[in-house]
Amino acid sequence: MWPEAVERVASFLRASGLEGQLEELLAGAQVPPGLQLVATAFECEQRLVVALVPAGGTLDRRKLARAAACSELVTAQRPEFPFAGSTVLLEQTALTAPTVWLEAGTPRHVLGLAPAQLSRLTGARPADLTEESQKGGG
């Protein structure tokens with residue numbers, strides 16, 4: 001049985017009719033193969049914006065502000081997956097990954113989905129969100 005926060009994600013996934021992979025990571029374990037995403041939330045002119053960028057990448061706040069049509073971004077508490085009521089932007093380079101992984105309810109639980117499934121579930125729009133030095137897999 002999943003912890004309550006993880007069960008909410010599992011229930012949402014079942015109700016969506018999409019296939020995903022929900023995993024519990026043991027202490028020190030790596031995320032399964034695929035691209036790990038990090039979700040960061042911001043207040044943007046009375047809207048909540050969630051940026052999904054590859055772990056290890058650096059979010060470019062100016063690019064995010066442009067993509068979200070914001071004049072100012074203020075760090076906010078991240079809502080739970082699927083980020084209901086938020087504008088969700090996904091780093092465009094993540095679209096080429098076969099599987100993306102993100103935290104699902106707790107830091108020890110991850111959800112693996114195809115990028116198109118993630119976009120469908122969250123309403124995420126692709127955008128250029130990371131610093132230029134992070135592009136090109138280098």
# chains A, B, ... in the order shown; residues from 1 in each chain; ligands from 1
call {"tool": "residues_around", "arguments": {"residues": "Leu64 of chain A", "least_positions_apart": "4", "cutoff": "10 Å", "atoms": "only C-alpha atoms", "output": "PDB file with C-alpha atoms, in the first residue's frame"}}
result
ATOM      1  CA  PHE A  42       6.501  30.522  -8.728  1.00  0.00           C
ATOM      2  CA  VAL A  49       3.515  28.664 -12.546  1.00  0.00           C
ATOM      3  CA  VAL A  50       5.311  25.309 -12.334  1.00  0.00           C
ATOM      4  CA  ALA A  51       8.524  24.810 -14.308  1.00  0.00           C
ATOM      5  CA  LEU A  59      16.344  27.086 -14.757  1.00  0.00           C
ATOM      6  CA  ASP A  60      16.655  30.436 -16.530  1.00  0.00           C
ATOM      7  CA  ALA A  68       4.687  32.440 -18.716  1.00  0.00           C
ATOM      8  CA  ALA A  69       4.072  36.093 -19.690  1.00  0.00           C
ATOM      9  CA  CYS A  70       5.147  37.369 -16.259  1.00  0.00           C
ATOM     10  CA  LEU A  73       8.416  35.627 -10.515  1.00  0.00           C
ATOM     11  CA  LEU A  89       5.815  24.648 -18.531  1.00  0.00           C
ATOM     12  CA  LEU A  90       8.087  21.761 -19.555  1.00  0.00           C
ATOM     13  CA  GLU A  91      11.660  22.288 -20.770  1.00  0.00           C
ATOM     14  CA  ALA A 127       9.215  26.022 -23.610  1.00  0.00           C
ATOM     15  CA  ASP A 128      12.897  26.941 -23.635  1.00  0.00           C
ATOM     16  CA  LEU A 129      13.532  27.170 -19.870  1.00  0.00           C
ATOM     17  CA  THR A 130      17.159  26.288 -19.162  1.00  0.00           C
TER      18      THR A 130
END
call {"tool": "residues_around", "arguments": {"residues": "Pro107 of chain A", "least_positions_apart": "3", "cutoff": "10 Å", "atoms": "only C-alpha atoms", "output": "VMD selection string"}}
result
chain A and resid 24 to 25 102 to 104 110
call {"tool": "write_last_selection", "arguments": {"atoms": "C-alpha atoms", "output": "PDB file, in the first residue's frame"}}
result
ATOM      1  CA  GLU A  24       9.587   3.635  -4.463  1.00  0.00           C
ATOM      2  CA  LEU A  25      13.306   4.396  -4.275  1.00  0.00           C
ATOM      3  CA  LEU A 102       9.353  13.272 -11.309  1.00  0.00           C
ATOM      4  CA  GLU A 103       8.627  13.187  -7.603  1.00  0.00           C
ATOM      5  CA  ALA A 104       5.279  11.576  -6.840  1.00  0.00           C
ATOM      6  CA  VAL A 110       8.827   8.760  -8.480  1.00  0.00           C
TER       7      VAL A 110
END
call {"tool": "residues_around", "arguments": {"residues": "Thr75 of chain A", "least_positions_apart": "4", "cutoff": "9 Å", "atoms": "only C-alpha atoms", "output": "MDAnalysis selection string"}}
result
chainID A and resid 40:43
call {"tool": "closest_residue", "arguments": {"among": "A:Arg8, A:Arg47, A:Arg120, A:Arg14", "to": "Ser71 of chain A", "atoms": "only C-alpha atoms"}}
result
A:Arg47
call {"tool": "select_by_dssp", "arguments": {"residues": "segment 16-113 of chain A", "states": "strand (DSSP E)", "output": "PyMOL selection string"}}
result
chain A and resi 21-24+35-44+47-54+74-76+87-91+100-103+109-113
call {"tool": "closest_residue", "arguments": {"among": "A:Leu37, A:Ala114, A:Val88, A:Ala94", "to": "Gly56 of chain A", "atoms": "only C-alpha atoms"}}
result
A:Leu37
call {"tool": "atom_distance", "arguments": {"atom1": "atom CA of Thr87 of chain A", "atom2": "atom CA of Val31 of chain A"}}
result
25.9 Å
call {"tool": "atom_distance", "arguments": {"atom1": "atom CA of Val6 of chain A", "atom2": "atom CA of Ala55 of chain A"}}
result
20.7 Å
call {"tool": "closest_residue", "arguments": {"among": "A:Phe12, A:Cys44, A:Pro79, A:Lys63", "to": "Glu132 of chain A", "atoms": "only C-alpha atoms"}}
result
A:Lys63
call {"tool": "atom_distance", "arguments": {"atom1": "atom CA of Leu95 of chain A", "atom2": "atom CA of Gly34 of chain A"}}
result
11.7 Å
call {"tool": "residues_around", "arguments": {"residues": "Pro115 of chain A", "least_positions_apart": "6", "cutoff": "10 Å", "atoms": "only C-alpha atoms", "output": "JSON, numbers by chain"}}
result
{"A": [35, 90, 92, 94, 95, 96, 97, 98, 99, 100, 101, 121, 124, 126]}
call {"tool": "write_last_selection", "arguments": {"atoms": "N, CA and C atoms", "output": "mmCIF file, in the first residue's frame"}}
result
data_model
loop_
_atom_site.group_PDB
_atom_site.id
_atom_site.type_symbol
_atom_site.label_atom_id
_atom_site.label_comp_id
_atom_site.auth_asym_id
_atom_site.auth_seq_id
_atom_site.Cartn_x
_atom_site.Cartn_y
_atom_site.Cartn_z
ATOM 1 N N LEU A 35 14.931 10.483 -17.973
ATOM 2 C CA LEU A 35 15.287 11.847 -17.605
ATOM 3 C C LEU A 35 14.544 12.255 -16.342
ATOM 4 N N LEU A 90 7.143 22.875 -19.506
ATOM 5 C CA LEU A 90 8.087 21.761 -19.555
ATOM 6 C C LEU A 90 9.253 22.142 -20.454
ATOM 7 N N GLN A 92 11.629 22.169 -23.181
ATOM 8 C CA GLN A 92 11.375 21.548 -24.479
ATOM 9 C C GLN A 92 12.308 20.391 -24.811
ATOM 10 N N ALA A 94 13.110 18.037 -22.954
ATOM 11 C CA ALA A 94 12.606 16.821 -22.317
ATOM 12 C C ALA A 94 11.672 16.041 -23.235
ATOM 13 N N LEU A 95 11.158 16.685 -24.265
ATOM 14 C CA LEU A 95 10.222 16.021 -25.173
ATOM 15 C C LEU A 95 10.853 14.867 -25.933
ATOM 16 N N THR A 96 12.176 14.859 -26.062
ATOM 17 C CA THR A 96 12.847 13.797 -26.816
ATOM 18 C C THR A 96 13.176 12.574 -25.946
ATOM 19 N N ALA A 97 13.000 12.682 -24.645
ATOM 20 C CA ALA A 97 13.295 11.556 -23.755
ATOM 21 C C ALA A 97 12.190 10.509 -23.862
ATOM 22 N N PRO A 98 12.546 9.227 -23.869
ATOM 23 C CA PRO A 98 11.501 8.199 -23.897
ATOM 24 C C PRO A 98 10.665 8.209 -22.622
ATOM 25 N N THR A 99 11.327 8.447 -21.482
ATOM 26 C CA THR A 99 10.646 8.471 -20.190
ATOM 27 C C THR A 99 11.190 9.625 -19.363
ATOM 28 N N VAL A 100 10.287 10.323 -18.699
ATOM 29 C CA VAL A 100 10.685 11.347 -17.732
ATOM 30 C C VAL A 100 10.174 10.907 -16.365
ATOM 31 N N TRP A 101 10.930 11.272 -15.328
ATOM 32 C CA TRP A 101 10.609 10.896 -13.960
ATOM 33 C C TRP A 101 10.467 12.142 -13.117
ATOM 34 N N LEU A 121 -1.424 15.008 -18.832
ATOM 35 C CA LEU A 121 -1.899 14.982 -17.448
ATOM 36 C C LEU A 121 -1.849 16.343 -16.770
ATOM 37 N N ALA A 124 0.954 20.671 -19.464
ATOM 38 C CA ALA A 124 2.245 21.334 -19.665
ATOM 39 C C ALA A 124 2.444 21.741 -21.118
ATOM 40 N N PRO A 126 5.458 22.997 -23.813
ATOM 41 C CA PRO A 126 6.914 23.018 -23.956
ATOM 42 C C PRO A 126 7.423 24.451 -24.090
#
call {"tool": "residues_around", "arguments": {"residues": "Gly20 of chain A", "least_positions_apart": "4", "cutoff": "8 Å", "atoms": "only C-alpha atoms", "output": "list in words"}}
result
Leu13, Leu111, Gly112, Leu113 and Ala114 of chain A
call {"tool": "closest_residue", "arguments": {"among": "A:Arg61, A:Arg78, A:Arg125, A:Arg108", "to": "Gly28 of chain A", "atoms": "only C-alpha atoms"}}
result
A:Arg108
call {"tool": "residues_around", "arguments": {"residues": "Trp2 of chain A", "least_positions_apart": "3", "cutoff": "10 Å", "atoms": "only C-alpha atoms", "output": "list of chain:residue names"}}
result
A:Ala5, A:Val6, A:Glu7, A:Arg8, A:Val9, A:Ala10, A:Leu22, A:Glu24, A:Gly105, A:His109
call {"tool": "write_last_selection", "arguments": {"atoms": "C-alpha atoms", "output": "tab-separated table (two decimals), in the first residue's frame"}}
result
chain	number	residue	atom	x	y	z
A	5	ALA	CA	0.31	11.32	-0.82
A	6	VAL	CA	1.57	8.67	-3.24
A	7	GLU	CA	-1.84	6.95	-3.37
A	8	ARG	CA	-3.36	10.28	-4.51
A	9	VAL	CA	-0.94	10.27	-7.45
A	10	ALA	CA	-1.66	6.59	-8.17
A	22	LEU	CA	5.24	4.49	-9.96
A	24	GLU	CA	9.59	3.63	-4.46
A	105	GLY	CA	3.93	12.39	-3.41
A	109	HIS	CA	8.55	7.98	-4.78
call {"tool": "select_by_dssp", "arguments": {"residues": "segment 1-135 of chain A", "states": "alpha helix (DSSP H)", "output": "ChimeraX atom specification"}}
result
/A:4-16,61-67,115-122
call {"tool": "write_last_selection", "arguments": {"atoms": "N, CA and C atoms", "output": "PDB file, in the first residue's frame"}}
result
ATOM      1  N   GLU A   4      -0.292   7.909   1.790  1.00  0.00           N
ATOM      2  CA  GLU A   4      -1.457   8.678   1.313  1.00  0.00           C
ATOM      3  C   GLU A   4      -1.131   9.611   0.155  1.00  0.00           C
ATOM      4  N   ALA A   5      -0.041  10.372   0.246  1.00  0.00           N
ATOM      5  CA  ALA A   5       0.306  11.323  -0.816  1.00  0.00           C
ATOM      6  C   ALA A   5       0.615  10.610  -2.126  1.00  0.00           C
ATOM      7  N   VAL A   6       1.233   9.444  -2.043  1.00  0.00           N
ATOM      8  CA  VAL A   6       1.565   8.672  -3.240  1.00  0.00           C
ATOM      9  C   VAL A   6       0.302   8.022  -3.800  1.00  0.00           C
ATOM     10  N   GLU A   7      -0.579   7.553  -2.917  1.00  0.00           N
ATOM     11  CA  GLU A   7      -1.839   6.953  -3.373  1.00  0.00           C
ATOM     12  C   GLU A   7      -2.682   7.962  -4.143  1.00  0.00           C
ATOM     13  N   ARG A   8      -2.630   9.245  -3.752  1.00  0.00           N
ATOM     14  CA  ARG A   8      -3.363  10.277  -4.513  1.00  0.00           C
ATOM     15  C   ARG A   8      -2.843  10.348  -5.945  1.00  0.00           C
ATOM     16  N   VAL A   9      -1.531  10.265  -6.114  1.00  0.00           N
ATOM     17  CA  VAL A   9      -0.941  10.269  -7.455  1.00  0.00           C
ATOM     18  C   VAL A   9      -1.363   9.002  -8.207  1.00  0.00           C
ATOM     19  N   ALA A  10      -1.283   7.851  -7.539  1.00  0.00           N
ATOM     20  CA  ALA A  10      -1.659   6.586  -8.167  1.00  0.00           C
ATOM     21  C   ALA A  10      -3.131   6.595  -8.584  1.00  0.00           C
ATOM     22  N   SER A  11      -3.992   7.106  -7.731  1.00  0.00           N
ATOM     23  CA  SER A  11      -5.428   7.186  -8.052  1.00  0.00           C
ATOM     24  C   SER A  11      -5.674   8.099  -9.238  1.00  0.00           C
ATOM     25  N   PHE A  12      -4.989   9.248  -9.249  1.00  0.00           N
ATOM     26  CA  PHE A  12      -5.125  10.175 -10.369  1.00  0.00           C
ATOM     27  C   PHE A  12      -4.676   9.510 -11.664  1.00  0.00           C
ATOM     28  N   LEU A  13      -3.566   8.800 -11.605  1.00  0.00           N
ATOM     29  CA  LEU A  13      -3.049   8.129 -12.794  1.00  0.00           C
ATOM     30  C   LEU A  13      -4.027   7.065 -13.280  1.00  0.00           C
ATOM     31  N   ARG A  14      -4.565   6.257 -12.363  1.00  0.00           N
ATOM     32  CA  ARG A  14      -5.554   5.234 -12.751  1.00  0.00           C
ATOM     33  C   ARG A  14      -6.776   5.877 -13.393  1.00  0.00           C
ATOM     34  N   ALA A  15      -7.267   6.964 -12.800  1.00  0.00           N
ATOM     35  CA  ALA A  15      -8.459   7.647 -13.324  1.00  0.00           C
ATOM     36  C   ALA A  15      -8.209   8.263 -14.699  1.00  0.00           C
ATOM     37  N   SER A  16      -6.956   8.634 -14.967  1.00  0.00           N
ATOM     38  CA  SER A  16      -6.633   9.262 -16.256  1.00  0.00           C
ATOM     39  C   SER A  16      -6.648   8.264 -17.399  1.00  0.00           C
ATOM     40  N   ARG A  61      15.347  31.923 -15.121  1.00  0.00           N
ATOM     41  CA  ARG A  61      14.123  32.594 -14.676  1.00  0.00           C
ATOM     42  C   ARG A  61      13.633  33.626 -15.691  1.00  0.00           C
ATOM     43  N   ARG A  62      14.531  34.250 -16.430  1.00  0.00           N
ATOM     44  CA  ARG A  62      14.082  35.223 -17.451  1.00  0.00           C
ATOM     45  C   ARG A  62      13.311  34.519 -18.556  1.00  0.00           C
ATOM     46  N   LYS A  63      13.811  33.361 -18.986  1.00  0.00           N
ATOM     47  CA  LYS A  63      13.106  32.591 -20.016  1.00  0.00           C
ATOM     48  C   LYS A  63      11.753  32.122 -19.499  1.00  0.00           C
ATOM     49  N   LEU A  64      11.724  31.674 -18.250  1.00  0.00           N
ATOM     50  CA  LEU A  64      10.464  31.235 -17.659  1.00  0.00           C
ATOM     51  C   LEU A  64       9.470  32.393 -17.606  1.00  0.00           C
ATOM     52  N   ALA A  65       9.927  33.558 -17.165  1.00  0.00           N
ATOM     53  CA  ALA A  65       9.047  34.728 -17.087  1.00  0.00           C
ATOM     54  C   ALA A  65       8.479  35.069 -18.464  1.00  0.00           C
ATOM     55  N   ARG A  66       9.319  35.018 -19.495  1.00  0.00           N
ATOM     56  CA  ARG A  66       8.833  35.291 -20.858  1.00  0.00           C
ATOM     57  C   ARG A  66       7.810  34.251 -21.288  1.00  0.00           C
ATOM     58  N   ALA A  67       8.135  32.970 -21.070  1.00  0.00           N
ATOM     59  CA  ALA A  67       7.243  31.889 -21.501  1.00  0.00           C
ATOM     60  C   ALA A  67       5.903  31.937 -20.771  1.00  0.00           C
ATOM     61  N   PRO A 115       6.953  11.855 -22.107  1.00  0.00           N
ATOM     62  CA  PRO A 115       6.724  13.300 -22.052  1.00  0.00           C
ATOM     63  C   PRO A 115       5.332  13.722 -22.547  1.00  0.00           C
ATOM     64  N   ALA A 116       4.825  13.061 -23.586  1.00  0.00           N
ATOM     65  CA  ALA A 116       3.491  13.401 -24.090  1.00  0.00           C
ATOM     66  C   ALA A 116       2.416  13.102 -23.050  1.00  0.00           C
ATOM     67  N   GLN A 117       2.580  12.014 -22.297  1.00  0.00           N
ATOM     68  CA  GLN A 117       1.628  11.691 -21.230  1.00  0.00           C
ATOM     69  C   GLN A 117       1.695  12.738 -20.127  1.00  0.00           C
ATOM     70  N   LEU A 118       2.907  13.138 -19.750  1.00  0.00           N
ATOM     71  CA  LEU A 118       3.074  14.167 -18.729  1.00  0.00           C
ATOM     72  C   LEU A 118       2.379  15.456 -19.165  1.00  0.00           C
ATOM     73  N   SER A 119       2.558  15.832 -20.414  1.00  0.00           N
ATOM     74  CA  SER A 119       1.910  17.046 -20.930  1.00  0.00           C
ATOM     75  C   SER A 119       0.397  16.929 -20.881  1.00  0.00           C
ATOM     76  N   ARG A 120      -0.106  15.758 -21.239  1.00  0.00           N
ATOM     77  CA  ARG A 120      -1.560  15.551 -21.211  1.00  0.00           C
ATOM     78  C   ARG A 120      -2.110  15.642 -19.787  1.00  0.00           C
ATOM     79  N   LEU A 121      -1.424  15.008 -18.832  1.00  0.00           N
ATOM     80  CA  LEU A 121      -1.899  14.982 -17.448  1.00  0.00           C
ATOM     81  C   LEU A 121      -1.849  16.343 -16.770  1.00  0.00           C
ATOM     82  N   THR A 122      -0.817  17.126 -17.085  1.00  0.00           N
ATOM     83  CA  THR A 122      -0.601  18.390 -16.383  1.00  0.00           C
ATOM     84  C   THR A 122      -0.976  19.620 -17.199  1.00  0.00           C
TER      85      THR A 122
END
call {"tool": "decode", "arguments": {"residues": "segment 90-104 of chain A", "atoms": "N, CA and C atoms", "output": "JSON list (two decimals), in the first residue's frame"}}
result
[["chain", "number", "residue", "atom", "x", "y", "z"],
["A", 90, "LEU", "N", 7.14, 22.87, -19.51],
["A", 90, "LEU", "CA", 8.09, 21.76, -19.56],
["A", 90, "LEU", "C", 9.25, 22.14, -20.45],
["A", 91, "GLU", "N", 10.48, 22.02, -19.94],
["A", 91, "GLU", "CA", 11.66, 22.29, -20.77],
["A", 91, "GLU", "C", 11.54, 21.48, -22.05],
["A", 92, "GLN", "N", 11.63, 22.17, -23.18],
["A", 92, "GLN", "CA", 11.37, 21.55, -24.48],
["A", 92, "GLN", "C", 12.31, 20.39, -24.81],
["A", 93, "THR", "N", 13.53, 20.39, -24.29],
["A", 93, "THR", "CA", 14.45, 19.29, -24.59],
["A", 93, "THR", "C", 13.98, 17.97, -23.96],
["A", 94, "ALA", "N", 13.11, 18.04, -22.95],
["A", 94, "ALA", "CA", 12.61, 16.82, -22.32],
["A", 94, "ALA", "C", 11.67, 16.04, -23.24],
["A", 95, "LEU", "N", 11.16, 16.69, -24.27],
["A", 95, "LEU", "CA", 10.22, 16.02, -25.17],
["A", 95, "LEU", "C", 10.85, 14.87, -25.93],
["A", 96, "THR", "N", 12.18, 14.86, -26.06],
["A", 96, "THR", "CA", 12.85, 13.80, -26.82],
["A", 96, "THR", "C", 13.18, 12.57, -25.95],
["A", 97, "ALA", "N", 13.00, 12.68, -24.64],
["A", 97, "ALA", "CA", 13.30, 11.56, -23.75],
["A", 97, "ALA", "C", 12.19, 10.51, -23.86],
["A", 98, "PRO", "N", 12.55, 9.23, -23.87],
["A", 98, "PRO", "CA", 11.50, 8.20, -23.90],
["A", 98, "PRO", "C", 10.67, 8.21, -22.62],
["A", 99, "THR", "N", 11.33, 8.45, -21.48],
["A", 99, "THR", "CA", 10.65, 8.47, -20.19],
["A", 99, "THR", "C", 11.19, 9.63, -19.36],
["A", 100, "VAL", "N", 10.29, 10.32, -18.70],
["A", 100, "VAL", "CA", 10.68, 11.35, -17.73],
["A", 100, "VAL", "C", 10.17, 10.91, -16.37],
["A", 101, "TRP", "N", 10.93, 11.27, -15.33],
["A", 101, "TRP", "CA", 10.61, 10.90, -13.96],
["A", 101, "TRP", "C", 10.47, 12.14, -13.12],
["A", 102, "LEU", "N", 9.48, 12.17, -12.24],
["A", 102, "LEU", "CA", 9.35, 13.27, -11.31],
["A", 102, "LEU", "C", 8.81, 12.76, -9.98],
["A", 103, "GLU", "N", 9.06, 13.55, -8.95],
["A", 103, "GLU", "CA", 8.63, 13.19, -7.60],
["A", 103, "GLU", "C", 7.12, 12.98, -7.60],
["A", 104, "ALA", "N", 6.69, 11.93, -6.87],
["A", 104, "ALA", "CA", 5.28, 11.58, -6.84],
["A", 104, "ALA", "C", 4.80, 11.39, -5.41]]
